[in-house]
Structures are given as C-alpha cells and as structure tokens.
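What follows is the content of coords.txt (compact mmCIF, C-alpha atoms).
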# COMPACT_ATOMS: atom_id res chain seq x y z
CA MET A 149 0.00 0.00 0.00
CA MET A 150 2.72 2.42 1.06
CA ARG A 151 4.72 1.55 -2.03
CA ARG A 152 1.76 2.38 -4.27
CA ILE A 153 1.27 5.73 -2.55
CA SER A 154 4.98 6.53 -2.97
CA GLU A 155 4.84 5.60 -6.64
CA TYR A 156 1.77 7.80 -7.02
CA PHE A 157 3.48 10.85 -5.49
CA ILE A 158 6.65 10.30 -7.45
CA SER A 159 4.57 10.13 -10.63
CA ILE A 160 2.87 13.43 -9.76
CA LEU A 161 6.24 15.09 -9.06
CA VAL A 162 7.59 13.85 -12.37
CA ILE A 163 4.55 15.25 -14.19
CA ILE A 164 4.86 18.65 -12.44
CA PHE A 165 8.59 18.82 -13.09
CA SER A 166 8.21 17.91 -16.75
CA SER A 167 5.40 20.46 -17.10
CA LEU A 168 7.75 23.12 -15.71
CA LEU A 169 10.30 22.18 -18.27
CA HIS A 170 7.84 22.38 -21.16
CA ILE A 171 5.12 24.80 -20.18
CA ASN A 172 2.69 24.67 -23.04
CA GLY A 173 5.44 23.23 -25.11
CA GLN A 174 7.51 26.49 -24.95
CA ASP A 175 11.27 26.57 -25.47
CA THR A 176 13.83 27.85 -23.01
CA ILE A 177 17.24 29.47 -23.23
CA THR A 178 20.00 29.86 -20.71
CA PHE A 179 20.29 33.47 -19.58
CA PRO A 180 23.22 34.72 -17.50
CA LEU A 181 22.39 37.04 -14.61
CA LYS A 182 25.15 39.54 -13.88
CA ILE A 183 26.32 42.09 -11.42
CA ASN A 184 27.22 45.21 -13.37
CA VAL A 185 29.68 47.84 -12.24
CA GLY A 186 29.70 50.91 -14.45
CA ILE A 187 31.55 54.21 -14.54
CA GLU A 188 30.46 57.29 -16.43
CA VAL A 189 33.11 58.69 -18.78
CA ILE A 190 31.73 61.98 -20.14
CA GLY A 191 32.11 63.83 -16.80
CA PRO A 192 35.88 63.29 -16.46
CA VAL A 193 36.40 63.97 -20.19
CA ASN A 194 34.51 67.26 -19.87
CA TYR A 195 36.71 68.21 -16.93
CA LEU A 196 39.83 67.65 -19.02
CA VAL A 197 38.41 69.95 -21.69
CA GLU A 198 36.70 72.68 -19.66
CA LYS A 199 38.51 72.49 -16.28
CA ASN A 200 35.73 74.22 -14.36
CA THR A 201 33.31 71.42 -13.58
CA PHE A 202 34.29 68.02 -12.29
CA SER A 203 31.77 65.23 -12.08
CA ALA A 204 32.23 61.55 -11.40
CA GLU A 205 29.52 58.95 -11.40
CA GLY A 206 29.23 55.20 -11.14
CA TYR A 207 26.68 52.53 -10.46
CA ILE A 208 26.28 48.96 -9.41
CA SER A 209 23.35 46.88 -10.54
CA ALA A 210 22.28 43.29 -10.05
CA ASP A 211 20.12 41.42 -12.54
CA LEU A 212 17.14 40.01 -10.70
CA ASN A 213 15.87 38.23 -13.79
CA GLU A 214 16.19 38.57 -17.55
CA LYS A 215 14.13 41.79 -17.55
CA LEU A 216 14.72 43.52 -14.25
CA SER A 217 17.81 44.83 -12.46
CA ALA A 218 18.14 46.64 -9.15
CA VAL A 219 20.40 49.71 -9.42
CA LEU A 220 22.32 51.85 -6.95
CA ALA A 221 24.23 54.81 -8.39
CA GLY A 222 26.32 57.49 -6.77
CA GLY A 223 28.48 60.39 -7.75
CA TYR A 224 30.22 63.63 -6.94
CA LEU A 225 30.01 67.07 -8.50
CA ASN A 226 32.16 70.17 -8.18
CA TYR A 227 30.43 72.81 -10.27
CA ASP A 228 31.89 76.22 -11.00
CA TYR A 229 29.94 78.51 -13.30
CA SER A 230 30.50 82.13 -14.22
CA GLN A 231 28.24 84.40 -16.18
CA TYR A 232 28.65 88.07 -17.05
CA ASN A 233 27.42 89.26 -13.63
CA TYR A 234 27.77 86.34 -11.22
CA THR A 235 29.76 83.31 -10.13
CA TYR A 236 28.08 80.18 -8.81
CA LEU A 237 29.66 77.26 -6.96
CA ASN A 238 28.07 73.97 -6.05
CA LYS A 239 29.77 70.95 -4.55
CA GLY A 240 28.23 67.73 -3.28
CA ILE A 241 27.29 64.11 -3.66
CA PHE A 242 24.25 62.25 -4.89
CA PHE A 243 22.69 58.81 -4.83
CA ARG A 244 20.15 57.24 -7.12
CA VAL A 245 18.27 54.05 -6.43
CA GLY A 246 15.88 52.28 -8.74
CA ALA A 247 15.49 49.64 -11.38
CA ASP A 248 16.43 48.96 -14.98
CA PHE A 249 13.94 47.29 -17.28
CA ASN A 250 15.32 45.48 -20.30
CA LEU A 251 12.84 45.72 -23.12
CA LEU A 252 14.79 43.43 -25.43
CA LYS A 253 13.56 39.88 -25.73
CA PRO A 254 15.81 37.42 -23.88
CA LYS A 255 16.52 35.60 -27.13
CA LYS A 256 17.88 38.87 -28.56
CA SER A 257 19.67 40.22 -25.51
CA LEU A 258 21.27 36.96 -24.29
CA GLY A 259 22.74 38.92 -21.40
CA LYS A 260 24.99 40.81 -23.82
CA TYR A 261 22.66 43.54 -25.07
CA TRP A 262 20.51 45.85 -23.04
CA GLY A 263 17.95 48.20 -24.45
CA GLY A 264 15.39 49.61 -22.11
CA ILE A 265 14.58 52.17 -19.50
CA GLY A 266 15.75 52.88 -15.98
CA LEU A 267 13.60 54.48 -13.30
CA ARG A 268 15.28 56.08 -10.31
CA TYR A 269 14.74 58.18 -7.22
CA GLY A 270 17.60 60.60 -6.62
CA LEU A 271 18.84 62.27 -3.45
CA SER A 272 21.51 64.95 -3.42
CA ARG A 273 23.37 66.71 -0.62
CA TYR A 274 25.21 69.80 -1.72
CA THR A 275 26.69 73.11 -0.67
CA SER A 276 26.01 76.08 -2.94
CA GLU A 277 27.41 79.57 -2.85
CA VAL A 278 27.43 82.75 -4.91
CA PRO A 279 30.75 84.45 -4.05
CA SER A 280 29.71 87.58 -5.93
CA PHE A 281 27.09 89.03 -8.18
CA SER A 282 26.56 92.54 -9.41
CA GLN A 283 23.94 94.65 -11.07
CA ASN A 284 24.25 97.90 -12.95
CA ASN A 285 21.41 100.35 -13.21
CA TYR A 286 20.65 104.07 -13.09
CA TRP A 287 22.23 104.41 -9.63
CA GLY A 288 25.45 102.61 -10.52
CA GLU A 289 26.75 99.19 -9.65
CA ALA A 290 25.49 97.19 -6.66
CA VAL A 291 27.57 94.19 -5.59
CA SER A 292 26.46 91.44 -3.24
CA LEU A 293 27.03 87.77 -2.39
CA ILE A 294 25.10 84.76 -1.15
CA PRO A 295 26.97 82.81 1.55
CA ALA A 296 27.49 79.03 1.39
CA LYS A 297 24.53 76.90 2.42
CA THR A 298 24.11 73.13 2.60
CA SER A 299 20.86 71.65 1.30
CA TRP A 300 19.21 68.41 0.20
CA GLY A 301 17.63 67.96 -3.24
CA HIS A 302 15.21 65.26 -4.35
CA PHE A 303 14.25 64.18 -7.85
CA ILE A 304 13.03 61.28 -9.95
CA GLU A 305 14.53 60.14 -13.21
CA ALA A 306 13.70 58.06 -16.26
CA SER A 307 16.68 57.03 -18.35
CA PRO A 308 16.19 55.15 -21.60
CA GLY A 309 19.37 53.79 -23.10
CA MET A 310 21.30 50.99 -24.70
CA ARG A 311 24.30 48.87 -23.81
CA ALA A 312 26.23 46.26 -25.73
CA GLU A 313 29.02 43.87 -24.84
CA ILE A 314 32.24 44.91 -26.57
CA PHE A 315 34.57 42.39 -24.97
CA ARG A 316 33.86 39.39 -22.82
CA ASN A 317 32.26 40.73 -19.61
CA PHE A 318 32.77 44.36 -20.63
CA SER A 319 30.11 46.50 -22.22
CA MET A 320 29.60 50.10 -23.26
CA GLY A 321 26.44 52.05 -23.56
CA TRP A 322 24.64 55.33 -23.21
CA ALA A 323 21.58 56.65 -21.48
CA ILE A 324 19.51 59.79 -21.79
CA SER A 325 18.38 61.02 -18.40
CA LEU A 326 15.06 62.83 -18.08
CA ARG A 327 14.65 64.18 -14.57
CA MET A 328 11.84 65.81 -12.67
CA LEU A 329 12.57 67.95 -9.64
CA ILE A 330 10.67 67.11 -6.48
CA TYR A 331 12.46 69.54 -4.16
CA SER A 332 15.53 71.62 -4.89
CA GLY A 333 16.45 72.48 -1.32
CA GLY A 334 16.46 76.21 -2.01
CA SER A 335 14.02 78.99 -1.22
CA LYS A 336 11.71 80.60 -3.78
CA ASP A 337 14.23 83.36 -4.46
CA LEU A 338 17.43 81.37 -4.15
CA ARG A 339 16.92 78.08 -5.92
CA PRO A 340 20.15 76.27 -6.75
CA ILE A 341 21.26 76.81 -10.33
CA TYR A 342 22.75 73.36 -10.60
CA PHE A 343 23.09 70.50 -8.13
CA PRO A 344 24.68 67.06 -8.12
CA GLY A 345 22.75 64.31 -9.84
CA PHE A 346 20.03 66.59 -11.18
CA GLY A 347 21.81 69.24 -13.25
CA ASN A 348 20.16 72.54 -14.12
CA ALA A 349 17.75 73.13 -11.26
CA THR A 350 16.34 76.46 -12.43
CA LYS A 351 13.73 74.48 -14.32
CA ARG A 352 11.47 71.69 -13.09
CA PHE A 353 12.74 69.26 -15.71
CA SER A 354 16.32 68.59 -16.69
CA SER A 355 17.99 66.21 -19.08
CA GLY A 356 21.40 64.71 -19.39
CA PHE A 357 23.43 62.27 -21.32
CA SER A 358 25.71 59.60 -19.91
CA TYR A 359 28.16 57.22 -21.46
CA PHE A 360 29.10 54.17 -19.42
CA ILE A 361 31.81 51.55 -19.44
CA VAL A 362 30.52 48.54 -17.57
CA TRP A 363 32.17 45.49 -16.05
CA ASN A 364 29.72 42.59 -16.09
CA ILE A 365 30.24 39.84 -13.54
CA PRO A 366 28.11 36.73 -14.20
CA TYR A 367 26.86 35.22 -10.95
CA LYS A 368 24.06 32.90 -11.93
CA LYS A 369 22.38 31.31 -14.93
CA ILE A 370 18.67 30.93 -15.29
CA ARG A 371 16.43 29.24 -17.80
CA VAL A 372 14.11 31.63 -19.56
CA ILE A 373 11.04 30.53 -21.45
CA ILE A 374 10.96 32.11 -24.86
CA GLU A 375 7.91 32.62 -26.95
CA LYS A 376 7.38 29.94 -29.49
CA GLU A 377 7.61 31.36 -32.96
CA GLU A 378 4.50 30.69 -34.98
CA PRO A 379 5.35 28.59 -38.02
CA GLU A 380 4.89 30.57 -41.17
CA GLU A 381 1.99 29.58 -43.35
CA ALA A 382 3.52 27.00 -45.59
CA ASP A 383 2.59 26.25 -49.12
CA GLU A 384 0.86 22.98 -49.75
CA THR A 385 4.05 21.66 -51.19
CA GLU A 386 5.83 22.42 -47.88
CA ASP A 387 3.21 20.85 -45.60
CA THR A 388 5.42 18.09 -44.38
CA GLU A 389 8.17 20.61 -43.52
CA GLY A 390 5.64 22.70 -41.58
CA ILE A 391 4.55 19.74 -39.51
CA ARG A 392 8.15 18.96 -38.64
CA ASN A 393 8.75 22.60 -37.56
CA SER A 394 5.71 22.66 -35.31
CA GLU A 395 7.07 19.71 -33.38
CA ASP A 396 10.31 21.47 -32.57
CA THR A 397 10.82 25.12 -33.44
CA ARG A 398 14.15 25.46 -31.68
CA THR A 399 17.12 26.22 -33.82
CA PRO A 400 20.09 23.96 -33.48
CA ALA A 401 21.84 26.80 -31.66
CA ASN A 402 19.04 27.10 -29.14
CA ARG A 403 18.94 23.39 -28.57
CA GLN A 404 22.63 23.51 -27.88
CA GLN A 405 22.10 26.30 -25.30
CA SER A 406 19.51 24.32 -23.36
CA PRO A 407 21.22 21.73 -21.25
CA GLY A 408 18.83 20.52 -18.59
CA ASN A 409 21.30 20.35 -15.72
CA ASP A 410 21.56 24.13 -15.16
CA PHE A 411 17.87 24.67 -14.62
CA ARG A 412 17.29 27.14 -11.80
CA MET B 124 23.52 45.36 -44.22
CA ARG B 125 23.16 43.99 -40.70
CA LYS B 126 26.04 41.69 -41.41
CA PHE B 127 28.42 44.65 -41.92
CA ILE B 128 27.30 46.86 -39.00
CA PRO B 129 27.46 44.97 -35.70
CA GLY B 130 24.86 45.77 -33.04
CA ASN B 131 27.38 47.02 -30.50
CA LEU B 132 28.82 49.50 -33.02
CA ILE B 133 25.33 50.91 -33.59
CA VAL B 134 24.93 51.42 -29.83
CA ILE B 135 28.25 53.26 -29.53
CA LEU B 136 27.71 55.48 -32.58
CA THR B 137 24.16 56.49 -31.71
CA GLY B 138 25.47 57.51 -28.29
CA PHE B 139 28.08 59.82 -29.76
CA ILE B 140 25.54 61.41 -32.10
CA LEU B 141 23.14 62.08 -29.21
CA PHE B 142 25.95 63.56 -27.13
CA LEU B 143 26.90 65.99 -29.88
CA HIS B 144 23.26 67.09 -30.20
CA SER B 145 22.97 67.64 -26.45
CA CYS B 146 25.31 70.67 -26.43
CA SER B 147 23.37 73.92 -26.42
CA LEU B 148 24.02 77.55 -25.54
CA GLY B 149 21.72 79.71 -23.45
CA SER B 150 20.88 83.40 -23.72
CA CYS B 151 19.01 85.75 -21.43
CA PHE B 152 15.77 87.12 -22.83
CA GLU B 153 14.09 88.10 -19.56
CA GLU B 154 13.64 91.45 -17.86
CA THR B 155 16.51 91.61 -15.39
CA GLU B 156 15.81 94.79 -13.41
CA SER B 157 13.17 95.25 -10.74
CA LEU B 158 11.50 98.64 -11.17
CA VAL B 159 8.79 100.47 -9.29
CA LYS B 160 5.90 100.62 -11.74
CA ALA B 161 3.75 103.70 -11.26
CA THR B 162 0.46 104.70 -12.91
CA PHE B 163 -0.76 108.30 -13.01
CA TYR B 164 -4.29 109.12 -11.88
CA ASN B 165 -6.41 112.24 -11.90
CA MET B 166 -7.08 113.07 -8.25
CA GLU B 167 -10.50 114.56 -9.05
CA THR B 168 -11.96 111.83 -11.24
CA GLY B 169 -9.93 108.90 -9.89
CA LYS B 170 -9.30 107.76 -13.44
CA THR B 171 -5.98 107.22 -15.15
CA LEU B 172 -4.54 110.33 -16.72
CA ALA B 173 -1.18 110.64 -18.48
CA PRO B 174 0.68 113.92 -17.74
CA ASP B 175 1.30 116.24 -20.68
CA SER B 176 4.96 116.35 -19.68
CA LEU B 177 7.01 114.22 -17.29
CA THR B 178 10.59 114.63 -16.14
CA VAL B 179 12.19 112.29 -13.57
CA TYR B 180 15.71 112.02 -12.22
CA GLY B 181 17.45 110.92 -9.07
CA LEU B 182 18.53 113.34 -6.38
CA ASP B 183 22.13 114.43 -7.05
CA ASN B 184 21.93 112.67 -10.39
CA ASP B 185 20.31 115.35 -12.51
CA THR B 186 22.72 114.98 -15.42
CA THR B 187 21.13 111.66 -16.33
CA LYS B 188 17.37 111.83 -16.55
CA ILE B 189 15.10 108.82 -16.40
CA TYR B 190 12.39 110.72 -18.26
CA ASN B 191 12.97 114.09 -19.89
CA LYS B 192 9.82 116.02 -20.80
CA THR B 193 8.21 112.83 -21.95
CA ALA B 194 4.70 113.43 -23.21
CA LYS B 195 1.58 111.41 -22.41
CA LEU B 196 3.27 108.66 -20.46
CA LEU B 197 0.67 106.83 -18.38
CA LYS B 198 3.00 104.32 -16.70
CA ALA B 199 6.41 105.32 -15.39
CA LYS B 200 9.17 103.07 -14.03
CA PHE B 201 11.51 104.05 -11.21
CA PRO B 202 14.80 102.19 -10.65
CA LEU B 203 15.85 101.62 -7.03
CA ASN B 204 19.34 101.71 -5.62
CA ALA B 205 20.20 98.21 -4.36
CA ALA B 206 23.24 99.53 -2.51
CA ASP B 207 21.00 101.67 -0.28
CA THR B 208 17.72 101.34 1.60
CA SER B 209 16.09 104.45 0.20
CA CYS B 210 16.28 106.72 -2.79
CA ILE B 211 14.89 110.10 -3.72
CA PHE B 212 13.51 111.15 -7.09
CA ILE B 213 12.81 114.60 -8.46
CA ILE B 214 9.60 114.38 -10.46
CA ARG B 215 8.30 117.23 -12.61
CA ILE B 216 4.69 116.78 -13.74
CA ASN B 217 3.41 119.34 -16.26
CA GLY B 218 6.23 121.68 -15.27
CA ILE B 219 5.63 121.53 -11.49
CA THR B 220 8.37 119.85 -9.43
CA ASP B 221 7.89 117.43 -6.54
CA THR B 222 10.20 115.15 -4.56
CA MET B 223 9.43 111.46 -3.87
CA LYS B 224 11.28 109.25 -1.43
CA PHE B 225 11.02 105.45 -1.39
CA SER B 226 12.24 103.36 1.55
CA TYR B 227 12.69 99.63 0.95
CA ASN B 228 14.55 96.43 1.71
CA SER B 229 16.40 94.59 -1.02
CA TYR B 230 17.18 90.88 -1.36
CA PRO B 231 18.77 88.78 -4.10
CA HIS B 232 16.62 86.70 -6.43
CA LEU B 233 17.64 84.15 -9.03
CA LEU B 234 16.07 84.83 -12.41
CA SER B 235 17.55 81.95 -14.39
CA LYS B 236 20.86 80.35 -15.12
CA GLU B 237 21.21 82.49 -18.23
CA CYS B 238 20.16 85.81 -16.65
CA GLY B 239 21.69 85.25 -13.24
CA TYR B 240 20.70 87.17 -10.11
CA THR B 241 18.88 90.42 -9.61
CA PHE B 242 17.58 92.37 -6.61
CA TYR B 243 13.98 92.23 -5.52
CA TYR B 244 12.64 94.84 -3.10
CA THR B 245 9.98 95.21 -0.48
CA LEU B 246 8.66 98.76 -0.54
CA ASP B 247 8.12 99.98 3.02
CA THR B 248 7.11 103.63 2.83
CA ASP B 249 6.90 106.47 0.42
CA SER B 250 6.86 110.18 1.11
CA HIS B 251 6.54 113.14 -1.21
CA THR B 252 5.99 116.85 -1.49
CA THR B 253 2.57 118.07 -2.57
CA ASN B 254 3.17 120.75 -5.17
CA GLU B 255 1.52 118.85 -8.00
CA ILE B 256 1.20 115.37 -6.47
CA ASP B 257 -1.85 114.97 -4.26
CA SER B 258 -1.12 111.48 -2.92
CA ILE B 259 0.68 108.23 -3.63
CA SER B 260 -0.76 104.82 -2.77
CA ILE B 261 1.12 101.55 -2.73
CA THR B 262 -0.86 98.84 -4.51
CA LYS B 263 1.77 96.12 -4.42
CA ASN B 264 4.85 96.47 -2.26
CA ALA B 265 6.80 93.58 -3.80
CA ILE B 266 9.03 95.16 -6.43
CA THR B 267 9.97 92.48 -8.93
CA THR B 268 10.71 92.08 -12.61
CA TYR B 269 7.05 91.27 -13.31
CA ASP B 270 5.04 93.85 -15.17
CA GLU B 271 2.56 94.77 -12.45
CA GLU B 272 1.55 98.08 -10.90
CA ASN B 273 3.23 98.97 -7.60
CA ILE B 274 2.10 102.52 -6.89
CA ARG B 275 -0.53 105.02 -8.01
CA ILE B 276 0.36 108.67 -8.27
CA PHE B 277 -2.66 110.99 -7.95
CA TYR B 278 -2.13 114.55 -9.20
Show me, as structure tokens, the structure contained in the file I just sent.
Amino acid sequence: MMRRISEYFISILVIIFSSLLHINGQDTITFPLKINVGIEVIGPVNYLVEKNTFSAEGYISADLNEKLSAVLAGGYLNYDYSQYNYTYLNKGIFFRVGADFNLLKPKKSLGKYWGGIGLRYGLSRYTSEVPSFSQNNYWGEAVSLIPAKTSWGHFIEASPGMRAEIFRNFSMGWAISLRMLIYSGGSKDLRPIYFPGFGNATKRFSSGFSYFIVWNIPYKKIRVIIEKEEPEEADETEDTEGIRNSEDTRTPANRQQSPGNDFR
Amino acid sequence: MRKFIPGNLIVILTGFILFLHSCSLGSCFEETESLVKATFYNMETGKTLAPDSLTVYGLDNDTTKIYNKTAKLLKAKFPLNAADTSCIFIIRINGITDTMKFSYNSYPHLLSKECGYTFYYTLDTDSHTTNEIDSISITKNAITTYDEENIRIFY
C-alpha cells in the first residue's frame, strides 16, 4: 500500500517537473544574470576639456531576472559657473536608487545587449554659494554675495538607453536622463542653479546624457522561457516541412544552449 | 547590411551622435531689473490720466534723466538703488516739481541660469511733497521684474 502511494506521489512530481520544463510546449534558453559595475566617462572627459566642472559617477546593478535589475548609483560634482554678472559654486554628492527594465527579448539580448529604461529616485546633498554678483542700473553698480549653504535635493529620473558587450564581460552604452525635480532644497528666491545628480535646477525638468563603461560579472544562470515562434503559413508543397517545424521550433543553436542540468 | 554593421557598433555610434546634439548655448531674454511701476491718476476723477509732460531724475543725479519732458506717459518706471535702503527722485509733472522718497529692503533673487541674479525689493514707505502730487498709494509692495503696478500717483 505504502509503495503504491509513494509511486503515485513520485509520478505526480515527475509530471509537475516535466510540465515546468515544457510549459505549453515552450522553449527555453540559458540566460546569465550579472552584477554590473559601471563608470560614467563623459564627466571626467569634460573636466579635461573645460577644467571648471568636475563630475564623477558610477553605479552597481544586479540582474534580478532577464528583464529587471536593481540599481544603486552614486556620484560627486564640483560645479563652477560664471556668467557676465555672477559666479556660482556647487559641490556635493548624490545617490540614485531604482530599477532597470530590459525591453529586449531574452533571445535577442542573451545577457549581452541591453535596451530599455531605468527608473530612479535621486537624493543629493550639496553646498552652494554665490561668491559675488553685481547689477548695474541708473544708480550705478550694486555688488552682493550669497553665503554658502548646505541643502538636500530630491528628484526622480527616467533614463532610456542601450548597452552592448564589446569584450567578454565588458560592455559600453549610453543613457539619456530625463529628470523631474521634487524639491531643490532652495528657497523661492534662491533656488540652486545646478546641483549634483540633477543638473540645471532652475527648471522643473532637466535632461542629461551619460556614457558608461561597464564590467559585467556573471553570478548565476537561469532558464528563460521564450515565446514559441509561430510557423509561417507554408505552401501545400511544404506541408510536411511545416509539420516537422511545429514539433520542434528550436534552432540547433538554441537546442545547444539548453542543457537541462543548469535549470534554476 | 546587418552583417556589416554589428549591433554594439550601432549602440556606440548612436550615443556619440546624441551627445553631440545635447550641447546647447543659453541666452538671457528676460527682464533683469526690478523697477517700481507707477500709474498716473487724476485726483479729481480717480481715473488714469497721463501727464502732458514728465521729467524724472534721481537726487544728485540730474545729469542723467530717467524721463525728460516725456509726453503722455501713463505708466512710469523708477529704478531703485540696491546699494541703499532708500532713494529720492525729483519728479516734474506738467512743469511743477515734486520730490518722492522710497524706503525699501532689497534681497537677491535668481532669475535663471542664463540671466543670473537680480535684486527684488519690499517697498516699506513712500513720502513726497505736494506741489503737484496729491497722494501716492502703494498697490503692491513687492518690487519684482514682473510687469505689475506697484504705486498710483494721484495729481
């Protein structure tokens, strides 16, 4: 009796396991999950050219699955800006936390290509100062200054972009950052002109462009179900070929990438 | 075509193109000076009335006139001295001279990154002689770059 019950349960487990392997007859691919460590390169290059603003930024992200990554970014800014009647200084750090969503199909990205959008919340702590500003009018020139003040800024960001592997475990890519200011940390009259992580804070929205070099560290492989490609409508003369394709649509390459022993 | 242009090269090149397009220069097109905006009124009818002739200049600054026998000007603008807390104007309406004194506090205000900082003022009191001017009322004591009436001059 006990033996029959055991056989029964084992049979059920085998059925469930095999159904997981072939849900609705779909194919799977092996997808590497990675920890990504990236540094932004435009900021340092700009500093070499312009010498007045230094910014450094980097991030670390961990792939949670083939579509979603958790991201933590941080950076530093030393901003020095002069116009015809004023000088503005801002120095501080920022953090961004959020997620990256890969919109490429797993079969296309294969862990090497990323094309999607990142969503972040940003927090900045900075010290801003206007060492001098002047105004000329009918009465002559009036000169004043705004002393240094430390503040916190908050913002949210959407950053669509692309990345591609250029060498094994190294990739390059860019992202456009579209940011919305939540709170600048300044008063109505003395908003910061520019603060770390956000950029031009005189407007509610700011944008930026980043170019990243990324070190990708694979830490795990998962099996990802890919959508079964519908067989193209075959001519009557190709009916037998169509029937064969519907039994197994995987390409030889895919079949090679699907060893059963690394199933998550 | 795809065979000759690898995907990763497309990613790198599109990035460079976007970066080049992101460079832009800014210019200032805003009003940058905060002025006291005054409107002239007829003291008998209470309606707006432009003087036939208006001359305005600062005390001890008569070589440079703000208005010099300007005809039919309904709204006049008075610049304040940010380096001081009051300033005095000589105002000649239809050939009759009066003196106006404004007392105020000034504070810096950011206009924009392109235009930089300016001074805003809070108008505290005004005083004047009564040769031609009957009275002056403050309608809005925040003196900013916005085009809004601050005082009414009844004459």
- Item | Proximal residues of chain A relative to chain B (all atoms listed in the file; 6 Å) as a ChimeraX atom specification | /A:287,290,312,322,337-338,341,350
Kindly export the residues of the current selection with C-alpha atoms, as a PDB file, in the coordinates of the input.
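This went into selection_26.pdb:
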ATOM      1  CA  TRP A 287      22.230 104.410  -9.630  1.00  0.00           C
ATOM      2  CA  ALA A 290      25.490  97.190  -6.660  1.00  0.00           C
ATOM      3  CA  ALA A 312      26.230  46.260 -25.730  1.00  0.00           C
ATOM      4  CA  TRP A 322      24.640  55.330 -23.210  1.00  0.00           C
ATOM      5  CA  ASP A 337      14.230  83.360  -4.460  1.00  0.00           C
ATOM      6  CA  LEU A 338      17.430  81.370  -4.150  1.00  0.00           C
ATOM      7  CA  ILE A 341      21.260  76.810 -10.330  1.00  0.00           C
ATOM      8  CA  THR A 350      16.340  76.460 -12.430  1.00  0.00           C
TER       9      THR A 350
END
- Task: Do a neighbour search on range 177-179 of chain B at 12 Å with only C-alpha atoms, toss out local chain neighbours closer than 5 positions, and write the hits as an MDAnalysis selection string.
- Result: (chainID A and resid 286) or (chainID B and resid 163 184:202 211:223 255)
- May I have the protein, DNA and RNA residues with any atom at most 6 Å from the point (16.8, 64.5, -14.0), counting only C-alpha atoms, written as a ChimeraX atom specification? /A:305,325-328,346,354-355
- Task: Using CA of Lys297 in chain A and CA of Ala204 in chain A as the two end points, give the distance in Å to one decimal.
- Result: 22.0 Å
- Task: Would you list the contacts of Gly266 in chain A as a count of residues only, taking every protein, DNA or RNA residue within 7 Å and counting all atoms listed in the file, but skipping same-chain residues closer than 2 positions in sequence?
- Result: 8
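The set of protein, DNA and RNA residues with any counted atom at most 9 Å from (26.7, 88.7, -0.3) (only C-alpha atoms) reads Val278, Pro279, Ser280, Phe281, Val291, Ser292, Leu293, Ile294 and Pro295 of chain A; Pro231 of chain B.
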- Atom pair CA of Leu251 in chain A / CA of Asn184 in chain A: separation (Å): 17.4 Å
- Query: Expressed in Å to a single decimal, how great is the separation between CA of Asp211 in chain A and CA of Pro192 in chain A?
  - Reply: 27.2 Å
